[in-house]
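Okay, target31.tsv is below, TSV, C-alpha atoms:
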chain	number	residue	atom	x	y	z
A	10	MET	CA	56.83	124.92	227.39
A	11	ALA	CA	59.55	122.44	226.36
A	12	ASP	CA	61.01	122.94	229.84
A	13	LYS	CA	57.77	121.94	231.46
A	14	LYS	CA	57.32	118.91	229.25
A	15	ALA	CA	60.83	117.67	230.03
A	16	ALA	CA	60.22	118.19	233.75
A	17	PHE	CA	56.87	116.39	233.54
A	18	LEU	CA	58.36	113.39	231.72
A	19	ALA	CA	61.30	113.26	234.14
A	20	ALA	CA	58.94	113.34	237.13
A	21	ILE	CA	56.63	110.49	236.06
A	22	PRO	CA	58.90	107.47	236.75
A	23	HIS	CA	59.71	108.72	240.27
A	24	THR	CA	56.02	108.87	241.12
A	25	ILE	CA	55.11	105.30	240.08
A	26	PRO	CA	55.33	103.81	243.60
A	27	VAL	CA	53.15	106.64	244.90
A	28	PHE	CA	50.78	106.11	241.97
A	29	THR	CA	50.22	102.50	243.06
A	30	GLY	CA	49.83	103.40	246.71
A	31	TYR	CA	47.59	106.41	246.20
A	32	ILE	CA	45.28	104.76	243.69
A	33	VAL	CA	44.72	101.87	246.11
A	34	LEU	CA	44.51	103.87	249.34
A	35	GLY	CA	42.50	106.56	247.58
A	36	ALA	CA	40.08	103.91	246.35
A	37	ALA	CA	39.82	102.52	249.89
A	38	TYR	CA	38.93	106.02	251.07
A	39	GLY	CA	36.34	106.43	248.32
A	40	ILE	CA	34.75	103.10	249.25
A	41	LEU	CA	34.67	104.06	252.93
A	42	MET	CA	33.08	107.46	252.25
A	43	ASP	CA	30.60	105.89	249.85
A	44	SER	CA	29.63	103.29	252.46
A	45	LYS	CA	28.92	106.12	254.93
A	46	GLY	CA	26.56	107.71	252.45
A	47	PHE	CA	28.74	110.53	251.16
A	48	SER	CA	28.17	111.59	247.57
A	49	ILE	CA	30.94	111.59	244.99
A	50	LEU	CA	31.09	115.38	245.35
A	51	TRP	CA	32.11	115.17	249.02
A	52	ILE	CA	34.69	112.49	248.21
A	53	LEU	CA	36.11	114.81	245.54
A	54	LEU	CA	36.13	117.86	247.83
A	55	ALA	CA	37.82	115.98	250.69
A	56	SER	CA	40.54	114.53	248.46
A	57	VAL	CA	41.20	117.82	246.65
A	58	PHE	CA	41.21	120.07	249.72
A	59	VAL	CA	41.97	118.02	252.83
A	60	TYR	CA	44.48	115.85	250.93
A	61	ALA	CA	45.94	114.17	254.00
A	62	GLY	CA	45.67	110.40	253.63
A	63	SER	CA	45.52	109.09	257.16
A	64	MET	CA	43.70	112.17	258.48
A	65	GLN	CA	40.95	111.74	255.89
A	66	PHE	CA	40.32	108.24	257.23
A	67	VAL	CA	40.37	109.51	260.81
A	68	ALA	CA	37.91	112.27	259.85
A	69	VAL	CA	35.35	109.71	258.71
A	70	ALA	CA	35.63	107.91	262.04
A	71	LEU	CA	35.26	111.24	263.89
A	72	LEU	CA	32.12	112.15	261.96
A	73	ALA	CA	30.65	108.76	262.78
A	74	ALA	CA	31.23	109.51	266.46
A	75	GLY	CA	29.38	112.84	266.44
A	76	PHE	CA	29.71	116.47	265.37
A	77	ASP	CA	32.75	117.96	267.13
A	78	PRO	CA	34.54	120.26	264.67
A	79	LEU	CA	36.85	121.84	267.26
A	80	GLY	CA	37.95	118.44	268.52
A	81	ALA	CA	38.54	117.38	264.93
A	82	PHE	CA	40.63	120.52	264.34
A	83	LEU	CA	42.84	119.85	267.37
A	84	LEU	CA	43.23	116.19	266.48
A	85	THR	CA	44.22	117.21	262.93
A	86	LEU	CA	46.97	119.43	264.33
A	87	MET	CA	48.28	116.51	266.38
A	88	VAL	CA	48.00	113.81	263.71
A	89	ASN	CA	49.61	116.05	261.10
A	90	ALA	CA	52.24	117.64	263.34
A	91	ARG	CA	54.91	115.62	261.53
A	92	HIS	CA	54.37	117.93	258.55
A	93	LEU	CA	56.15	120.66	260.54
A	94	PHE	CA	59.36	118.70	260.03
A	95	TYR	CA	58.75	118.49	256.30
A	96	GLY	CA	58.28	122.25	256.07
A	97	VAL	CA	61.48	122.94	257.99
A	98	SER	CA	63.35	120.47	255.76
A	99	MET	CA	62.02	122.11	252.60
A	100	LEU	CA	62.67	125.77	253.54
A	101	ASN	CA	65.69	125.99	251.22
A	102	GLN	CA	64.50	123.71	248.43
A	103	TYR	CA	61.24	125.66	248.16
A	104	LYS	CA	62.99	129.02	247.78
A	105	GLY	CA	62.23	130.83	244.55
A	106	LEU	CA	59.23	128.71	243.63
A	107	GLY	CA	57.21	131.89	243.16
A	108	LYS	CA	53.54	131.36	242.38
A	109	LEU	CA	53.91	127.57	242.59
A	110	LYS	CA	54.93	127.78	246.24
A	111	PRO	CA	51.55	128.03	248.01
A	112	TYR	CA	50.28	124.97	246.15
A	113	MET	CA	53.46	123.01	246.83
A	114	ILE	CA	53.23	123.77	250.55
A	115	PHE	CA	49.54	122.83	250.58
A	116	ALA	CA	50.22	119.48	248.85
A	117	LEU	CA	53.29	118.43	250.85
A	118	THR	CA	52.20	114.94	251.97
A	119	ASP	CA	54.39	112.21	253.50
A	120	GLU	CA	54.89	110.56	250.13
A	121	THR	CA	55.51	113.75	248.17
A	122	PHE	CA	57.97	114.89	250.80
A	123	SER	CA	59.80	111.56	250.68
A	124	LEU	CA	60.13	111.85	246.89
A	125	LEU	CA	61.18	115.50	246.96
A	126	CYS	CA	63.94	114.92	249.48
A	127	SER	CA	65.24	111.76	247.77
A	128	THR	CA	65.17	112.61	244.06
A	129	LYS	CA	66.98	115.10	241.89
A	130	PRO	CA	66.01	116.05	238.34
A	131	PRO	CA	68.28	114.76	235.56
A	132	ASP	CA	70.78	117.25	234.12
A	133	GLY	CA	69.17	120.01	232.13
A	134	VAL	CA	65.71	119.52	233.66
A	135	ASP	CA	64.27	122.47	235.54
A	136	GLN	CA	64.26	121.68	239.27
A	137	LYS	CA	61.27	123.90	240.05
A	138	TRP	CA	58.92	122.29	237.53
A	139	PHE	CA	60.28	118.82	238.28
A	140	MET	CA	59.32	119.25	241.95
A	141	PHE	CA	55.98	120.77	240.96
A	142	PHE	CA	55.04	117.87	238.72
A	143	ILE	CA	55.97	115.27	241.35
A	144	THR	CA	53.69	117.12	243.77
A	145	PHE	CA	50.90	117.59	241.24
A	146	LEU	CA	51.00	114.01	239.91
A	147	ASP	CA	50.80	112.60	243.46
A	148	HIS	CA	47.79	114.81	244.20
A	149	THR	CA	46.14	113.71	240.95
A	150	TYR	CA	46.67	110.03	241.80
A	151	TRP	CA	45.06	110.50	245.20
A	152	ILE	CA	42.02	112.29	243.77
A	153	THR	CA	41.68	109.73	240.96
A	154	GLY	CA	41.96	106.83	243.40
A	155	SER	CA	39.28	108.19	245.72
A	156	LEU	CA	36.93	108.86	242.79
A	157	ILE	CA	37.45	105.32	241.48
A	158	GLY	CA	36.67	104.03	244.97
A	159	GLY	CA	33.56	106.17	245.25
A	160	ILE	CA	32.23	105.09	241.86
A	161	VAL	CA	33.20	101.47	241.27
A	162	GLY	CA	35.24	100.37	244.28
A	163	SER	CA	32.64	98.18	245.86
A	164	LEU	CA	32.26	96.23	242.60
A	165	THR	CA	35.89	95.13	242.19
A	166	LYS	CA	36.68	91.46	242.63
A	167	PHE	CA	40.49	91.69	242.63
A	168	ASN	CA	41.88	90.92	246.07
A	169	THR	CA	43.99	93.96	246.93
A	170	LYS	CA	44.82	92.87	250.47
A	171	GLY	CA	48.35	93.93	251.32
A	172	ILE	CA	48.83	96.28	248.38
A	173	ASP	CA	49.10	99.29	250.69
A	174	PHE	CA	52.48	97.80	251.64
A	175	VAL	CA	53.76	99.60	248.53
A	176	LEU	CA	54.15	102.78	250.59
A	177	THR	CA	56.07	100.95	253.33
A	178	ALA	CA	58.29	99.52	250.59
A	179	LEU	CA	58.84	103.00	249.16
A	180	PHE	CA	59.96	104.37	252.54
A	181	VAL	CA	62.21	101.34	253.15
A	182	VAL	CA	63.94	101.87	249.80
A	183	ILE	CA	64.42	105.59	250.48
A	184	LEU	CA	65.82	104.67	253.90
A	185	ILE	CA	68.35	102.32	252.27
A	186	ASN	CA	69.33	105.01	249.77
A	187	GLN	CA	69.82	107.52	252.57
A	188	TRP	CA	71.84	104.99	254.54
A	189	LYS	CA	74.19	104.46	251.61
A	190	ALA	CA	74.42	108.14	250.71
A	191	THR	CA	76.00	109.19	253.98
A	192	ALA	CA	78.79	107.82	256.14
A	193	ASN	CA	77.14	109.13	259.28
A	194	HIS	CA	74.15	106.94	260.18
A	195	LEU	CA	73.37	108.66	263.45
A	196	PRO	CA	70.39	110.74	262.18
A	197	VAL	CA	68.72	107.69	260.59
A	198	LEU	CA	69.25	105.69	263.79
A	199	ILE	CA	67.91	108.52	265.94
A	200	GLY	CA	64.74	108.63	263.83
A	201	ILE	CA	64.12	104.89	264.04
A	202	MET	CA	65.01	104.56	267.73
A	203	CYS	CA	62.87	107.51	268.85
A	204	ALA	CA	59.90	106.22	266.85
A	205	VAL	CA	60.24	102.64	268.15
A	206	VAL	CA	60.76	103.64	271.79
A	207	SER	CA	57.89	106.12	271.61
A	208	LEU	CA	55.64	103.50	269.99
A	209	VAL	CA	56.38	101.01	272.77
A	210	ILE	CA	55.75	103.58	275.51
A	211	PHE	CA	52.83	105.58	274.12
A	212	GLY	CA	51.07	103.11	271.82
A	213	THR	CA	49.98	103.31	268.18
A	214	SER	CA	47.70	106.33	268.34
A	215	ASN	CA	49.85	108.68	270.42
A	216	PHE	CA	53.45	108.04	269.52
A	217	ILE	CA	54.19	110.58	266.78
A	218	LEU	CA	54.43	113.73	268.92
A	219	PRO	CA	56.73	112.18	271.57
A	220	ALA	CA	58.80	110.65	268.77
A	221	MET	CA	59.21	114.09	267.18
A	222	GLY	CA	60.19	115.56	270.55
A	223	GLY	CA	62.75	112.81	271.02
A	224	ILE	CA	64.21	113.35	267.55
A	225	LEU	CA	64.55	117.10	268.17
A	226	PHE	CA	66.15	116.44	271.55
A	227	PHE	CA	68.72	113.95	270.29
A	228	VAL	CA	69.72	115.74	267.08
A	229	THR	CA	70.20	118.85	269.21
A	230	ILE	CA	72.32	117.36	271.99
A	231	LEU	CA	74.25	115.14	269.55
A	232	LYS	CA	74.84	117.98	267.08
A	233	LYS	CA	78.61	117.64	267.36
A	234	HIS	CA	78.42	113.96	266.39
A	235	VAL	CA	75.99	114.56	263.56
A	236	VAL	CA	78.78	116.05	261.50
A	237	GLU	CA	78.12	116.99	257.93
A	238	VAL	CA	75.41	114.82	256.38
A	239	LYS	CA	75.78	114.68	252.66
A	240	SER	CA	72.68	115.18	250.59
A	241	VAL	CA	71.36	112.22	248.62
B	8	MET	CA	25.41	109.91	258.47
B	9	ASN	CA	22.90	112.67	258.97
B	10	TYR	CA	24.71	115.95	258.82
B	11	THR	CA	23.61	119.13	257.12
B	12	THR	CA	25.70	120.56	254.29
B	13	PRO	CA	26.87	123.58	256.38
B	14	GLN	CA	27.92	121.21	259.17
B	15	LEU	CA	29.99	119.17	256.72
B	16	PHE	CA	31.58	122.32	255.27
B	17	ILE	CA	32.56	123.46	258.77
B	18	PHE	CA	33.91	120.02	259.65
B	19	PHE	CA	35.95	119.41	256.49
B	20	GLY	CA	36.98	123.07	256.41
B	21	LEU	CA	38.54	122.83	259.86
B	22	VAL	CA	40.28	119.54	259.04
B	23	THR	CA	41.66	121.21	255.88
B	24	LEU	CA	42.76	124.26	257.87
B	25	GLY	CA	44.49	122.11	260.50
B	26	THR	CA	46.40	120.17	257.86
B	27	LEU	CA	47.36	123.34	256.01
B	28	LEU	CA	48.61	124.98	259.22
B	29	THR	CA	51.00	122.11	259.96
B	30	ARG	CA	52.33	122.24	256.39
B	31	ALA	CA	52.63	126.03	256.10
B	32	LEU	CA	53.75	127.12	259.57
B	33	PRO	CA	57.53	126.75	258.98
B	34	PHE	CA	57.24	128.83	255.80
B	35	PHE	CA	55.33	131.58	257.66
B	36	ILE	CA	57.91	131.69	260.44
B	37	PHE	CA	60.83	131.74	258.01
B	38	PRO	CA	59.82	133.64	254.88
B	39	GLU	CA	62.29	133.69	252.01
B	40	LYS	CA	63.68	137.14	252.77
B	41	LYS	CA	64.38	136.35	256.41
B	42	GLU	CA	67.73	134.85	257.27
B	43	ILE	CA	67.19	131.30	258.53
B	44	PRO	CA	68.91	130.78	261.91
B	45	LYS	CA	71.85	128.40	261.91
B	46	TYR	CA	70.06	125.93	264.17
B	47	ILE	CA	67.05	125.73	261.85
B	48	LYS	CA	69.40	125.26	258.87
B	49	TYR	CA	70.98	122.40	260.75
B	50	LEU	CA	67.55	120.87	261.44
B	51	ALA	CA	66.59	121.29	257.78
B	52	GLU	CA	69.66	119.32	256.78
B	53	VAL	CA	69.38	116.54	259.32
B	54	LEU	CA	65.61	116.03	259.77
B	55	PRO	CA	64.95	114.30	256.41
B	56	TYR	CA	67.33	111.55	257.53
B	57	THR	CA	65.40	111.06	260.75
B	58	ILE	CA	61.85	111.35	259.40
B	59	ILE	CA	62.01	108.57	256.82
B	60	GLY	CA	62.96	106.14	259.60
B	61	MET	CA	60.02	107.45	261.61
B	62	LEU	CA	57.71	106.95	258.61
B	63	VAL	CA	58.80	103.33	258.23
B	64	VAL	CA	57.91	102.76	261.89
B	65	TYR	CA	54.65	104.67	261.33
B	66	CYS	CA	53.71	102.32	258.47
B	67	LEU	CA	54.46	99.27	260.63
B	68	LYS	CA	52.84	100.56	263.81
B	69	ASP	CA	49.91	98.13	263.74
B	70	VAL	CA	52.05	95.05	263.15
B	71	SER	CA	52.07	92.67	266.11
B	72	PHE	CA	55.05	90.57	267.13
B	73	SER	CA	53.10	88.71	269.77
B	74	LYS	CA	50.20	87.49	267.63
B	75	ALA	CA	50.31	85.17	264.58
B	76	PRO	CA	51.80	85.65	262.01
B	77	TYR	CA	54.33	87.40	264.30
B	78	ALA	CA	55.18	90.15	261.79
B	79	LEU	CA	56.66	87.49	259.50
B	80	PRO	CA	55.13	88.88	256.25
B	81	GLU	CA	56.62	92.30	257.05
B	82	ILE	CA	60.01	90.93	258.15
B	83	ILE	CA	60.37	88.66	255.11
B	84	SER	CA	59.24	91.34	252.63
B	85	ILE	CA	61.49	94.05	254.07
B	86	ALA	CA	64.44	91.62	254.10
B	87	VAL	CA	63.82	90.80	250.43
B	88	ILE	CA	63.43	94.49	249.52
B	89	THR	CA	66.68	95.29	251.31
B	90	GLY	CA	68.60	92.44	249.67
B	91	LEU	CA	67.19	93.17	246.25
B	92	HIS	CA	67.86	96.88	246.53
B	93	LEU	CA	71.47	96.43	247.67
B	94	TRP	CA	71.99	93.95	244.82
B	95	LYS	CA	70.09	95.47	241.85
B	96	LYS	CA	69.91	99.10	243.01
B	97	ASN	CA	66.66	99.51	241.06
B	98	THR	CA	64.02	101.36	243.08
B	99	LEU	CA	60.99	100.18	241.11
B	100	VAL	CA	62.13	96.54	241.03
B	101	SER	CA	62.71	96.58	244.81
B	102	ILE	CA	59.38	98.21	245.62
B	103	GLY	CA	57.37	96.20	243.08
B	104	SER	CA	58.79	92.80	244.02
B	105	GLY	CA	58.53	93.54	247.74
B	106	THR	CA	54.88	94.56	247.47
B	107	VAL	CA	53.87	91.59	245.31
B	108	LEU	CA	55.70	89.25	247.70
B	109	TYR	CA	53.92	90.83	250.67
B	110	MET	CA	50.52	90.43	248.98
B	111	ILE	CA	51.23	86.76	248.26
B	112	LEU	CA	52.32	86.25	251.86
B	113	VAL	CA	49.25	87.84	253.45
B	114	GLN	CA	46.78	86.39	250.94
B	115	PHE	CA	48.04	82.82	250.54
B	116	VAL	CA	50.74	81.93	253.05
B	117	PHE	CA	49.97	83.55	256.41
B	118	ILE	CA	46.21	83.61	256.23

Target encoding structure tokens, full file:
Amino acid sequence: MADKKAAFLAAIPHTIPVFTGYIVLGAAYGILMDSKGFSILWILLASVFVYAGSMQFVAVALLAAGFDPLGAFLLTLMVNARHLFYGVSMLNQYKGLGKLKPYMIFALTDETFSLLCSTKPPDGVDQKWFMFFITFLDHTYWITGSLIGGIVGSLTKFNTKGIDFVLTALFVVILINQWKATANHLPVLIGIMCAVVSLVIFGTSNFILPAMGGILFFVTILKKHVVEVKSV
Amino acid sequence: MNYTTPQLFIFFGLVTLGTLLTRALPFFIFPEKKEIPKYIKYLAEVLPYTIIGMLVVYCLKDVSFSKAPYALPEIISIAVITGLHLWKKNTLVSIGSGTVLYMILVQFVFI
């Protein structure tokens, strides 16, 4: 019990940027669903079970366009294909998680992944529960945000324009930390270059899959040059 | 939107399933007892360094360099975040200041 409490307390500060981002984006999602006539129950179900930020927004747009569940399924696979990379990256770190593992795989979002691969628990804090609480807290923030949006979102006066930049800022900071943590910057550069080139060629809605293909291609053929990358 | 409850369950169920598949597939292919091939181990080590860069681009994908304000709010904020982070090395200060600055820029400066 003391173990879990220590892990919980150690996890909280790391999740603050995600807290801000998820409360705001979650609220935006709640407002959107509410405006399309969905009850608070559907908002809750979608945020608990789908739990895939951008895809939840896309799903609303798809429903507005007509009932095509198979098309939605295939689009989900494409939009969320980047998660495959997260899973591969976490194969080792997720070993021995036992009964926590299915949940932690289910809840592995962009933001949770970025925290899990960039933070380590302080000495003496249990790694397993530390990772679990980061995952669980993020999920809780997202659900809370979307409920707030569904209930009171449309009443708020505070101008939140631009606050979703908090997630961009989080990724930029992690990128800087990664850059400093390793002498070999080739992998970081491959990631950025493939994404930028793919974005220019394929446009905003289709660039992720080609970017992933490009990343796989270059890290494979440049394996010799991507010598040991130290962990953060 | 006029959909029946079963229709919505099917729709959200499939979106959930699709998301879950992309998250779980690597763990199904390489269960804990199975030896992970060397190549996959290599990918596991190197991919995190490539994906974060991709995520930054993903976040900025809708920013236009050819239309006003020419990505200036993003460029300025990211420059400040970078400078601040190299100087103070405090994650929350860098993220917090960068976000507040960005909000000020898009709400009051580059309207």

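Non-sequential neighbours of region 83-85 of chain A (distance at most 9 Å, separation of 2 or more positions within a chain, all atoms listed in the file) are A:Met64, A:Val67, A:Ala68, A:Pro78, A:Leu79, A:Gly80, A:Ala81, A:Met87, A:Val88, A:Asn89, A:Ala90, B:Leu21, B:Val22, B:Thr23, B:Leu24, B:Gly25, B:Thr26, B:Thr29.
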
In Å and to one decimal, CA of Leu34 (chain A) is distant from CA of Thr149 (chain A) by 13.0 Å

- Message: Give me, as a ChimeraX atom specification, the residues of chain B touching chain A, with the criterion being at most 6 Å (counting all atoms listed in the file).
- Response: /B:18,21-23,25,27,29-30,33,51,56-58,60-61,63,66,68,102,106,110

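Close contacts of Lys137 (chain A), defined as residues with an atom at most 12 Å away when counting only C-alpha atoms, with chain neighbours fewer than 4 positions off set aside, comprise Asp12, Lys13, Ala15, Ala16, Phe17, Ala20, Gln102, Tyr103, Lys104, Gly105, Leu106, Gly107, Lys108, Leu109, Lys110, Met113, Leu125, Lys129, Pro130, Gly133, Phe141, Phe142, Ile143 and Thr144 of chain A.
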
Could you work out an axis-aligned box for region 143-155 of chain A, taking every atom the file lists and adding 4 Å on each side, and report centre and edge lengths in Å to one decimal, as AutoDock Vina command-line options?
--center_x 47.6 --center_y 112.2 --center_z 242.8 --size_x 24.7 --size_y 18.8 --size_z 13.8

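For the pair CA of Phe16 (chain B) and CA of Thr153 (chain A), the interatomic distance is 21.6 Å.
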
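The nearest approach to Val33 (chain A) among the residues A:Met10, A:Pro219, A:Lys233, A:Trp151, with only C-alpha atoms taken into account, belongs to A:Trp151.
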
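Here CA of Tyr46 (chain B) and CA of Leu28 (chain B) stand 22.0 Å from one another.
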
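If only C-alpha atoms are the atoms counted, then among A:Val206, A:Tyr112, A:Ile32, A:Gly223 the closest residue to Ala31 (chain B) is A:Tyr112.
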
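Using all atoms listed in the file for every distance, the candidate list A:Ile210, A:Ile21, A:Ala36, A:Val27 yields A:Ala36 as the residue closest to Leu53 (chain A).
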
Could you rebuild region 105-122 of chain A with N, CA and C atoms and give it back as a PDB file, in the coordinates of the input?
ATOM      1  N   GLY A 105      62.293 130.426 245.947  1.00  0.00           N
ATOM      2  CA  GLY A 105      62.230 130.830 244.550  1.00  0.00           C
ATOM      3  C   GLY A 105      61.192 130.088 243.732  1.00  0.00           C
ATOM      4  N   LEU A 106      60.262 129.423 244.379  1.00  0.00           N
ATOM      5  CA  LEU A 106      59.230 128.710 243.630  1.00  0.00           C
ATOM      6  C   LEU A 106      58.143 129.655 243.105  1.00  0.00           C
ATOM      7  N   GLY A 107      58.145 130.881 243.649  1.00  0.00           N
ATOM      8  CA  GLY A 107      57.210 131.890 243.160  1.00  0.00           C
ATOM      9  C   GLY A 107      55.759 131.491 243.329  1.00  0.00           C
ATOM     10  N   LYS A 108      54.984 131.593 242.246  1.00  0.00           N
ATOM     11  CA  LYS A 108      53.540 131.360 242.380  1.00  0.00           C
ATOM     12  C   LYS A 108      53.197 129.886 242.585  1.00  0.00           C
ATOM     13  N   LEU A 109      54.164 129.001 242.349  1.00  0.00           N
ATOM     14  CA  LEU A 109      53.910 127.570 242.590  1.00  0.00           C
ATOM     15  C   LEU A 109      53.964 127.238 244.080  1.00  0.00           C
ATOM     16  N   LYS A 110      54.607 128.120 244.860  1.00  0.00           N
ATOM     17  CA  LYS A 110      54.930 127.780 246.240  1.00  0.00           C
ATOM     18  C   LYS A 110      53.722 127.481 247.126  1.00  0.00           C
ATOM     19  N   PRO A 111      52.685 128.334 247.129  1.00  0.00           N
ATOM     20  CA  PRO A 111      51.550 128.030 248.010  1.00  0.00           C
ATOM     21  C   PRO A 111      50.965 126.640 247.745  1.00  0.00           C
ATOM     22  N   TYR A 112      50.824 126.292 246.468  1.00  0.00           N
ATOM     23  CA  TYR A 112      50.280 124.970 246.150  1.00  0.00           C
ATOM     24  C   TYR A 112      51.217 123.869 246.644  1.00  0.00           C
ATOM     25  N   MET A 113      52.523 124.065 246.453  1.00  0.00           N
ATOM     26  CA  MET A 113      53.460 123.010 246.830  1.00  0.00           C
ATOM     27  C   MET A 113      53.549 122.815 248.329  1.00  0.00           C
ATOM     28  N   ILE A 114      53.293 123.898 249.081  1.00  0.00           N
ATOM     29  CA  ILE A 114      53.230 123.770 250.550  1.00  0.00           C
ATOM     30  C   ILE A 114      51.947 123.035 250.932  1.00  0.00           C
ATOM     31  N   PHE A 115      50.843 123.448 250.307  1.00  0.00           N
ATOM     32  CA  PHE A 115      49.540 122.830 250.580  1.00  0.00           C
ATOM     33  C   PHE A 115      49.575 121.322 250.331  1.00  0.00           C
ATOM     34  N   ALA A 116      50.286 120.891 249.282  1.00  0.00           N
ATOM     35  CA  ALA A 116      50.220 119.480 248.850  1.00  0.00           C
ATOM     36  C   ALA A 116      51.417 118.661 249.319  1.00  0.00           C
ATOM     37  N   LEU A 117      52.085 119.125 250.382  1.00  0.00           N
ATOM     38  CA  LEU A 117      53.290 118.430 250.850  1.00  0.00           C
ATOM     39  C   LEU A 117      52.924 117.260 251.772  1.00  0.00           C
ATOM     40  N   THR A 118      52.551 116.130 251.183  1.00  0.00           N
ATOM     41  CA  THR A 118      52.200 114.940 251.970  1.00  0.00           C
ATOM     42  C   THR A 118      53.446 114.144 252.328  1.00  0.00           C
ATOM     43  N   ASP A 119      53.263 113.097 253.137  1.00  0.00           N
ATOM     44  CA  ASP A 119      54.390 112.210 253.500  1.00  0.00           C
ATOM     45  C   ASP A 119      55.107 111.713 252.251  1.00  0.00           C
ATOM     46  N   GLU A 120      54.317 111.207 251.305  1.00  0.00           N
ATOM     47  CA  GLU A 120      54.890 110.560 250.130  1.00  0.00           C
ATOM     48  C   GLU A 120      55.568 111.568 249.212  1.00  0.00           C
ATOM     49  N   THR A 121      54.902 112.715 249.011  1.00  0.00           N
ATOM     50  CA  THR A 121      55.510 113.750 248.170  1.00  0.00           C
ATOM     51  C   THR A 121      56.795 114.248 248.797  1.00  0.00           C
ATOM     52  N   PHE A 122      56.749 114.468 250.111  1.00  0.00           N
ATOM     53  CA  PHE A 122      57.970 114.890 250.800  1.00  0.00           C
ATOM     54  C   PHE A 122      59.089 113.864 250.611  1.00  0.00           C
TER      55      PHE A 122
END
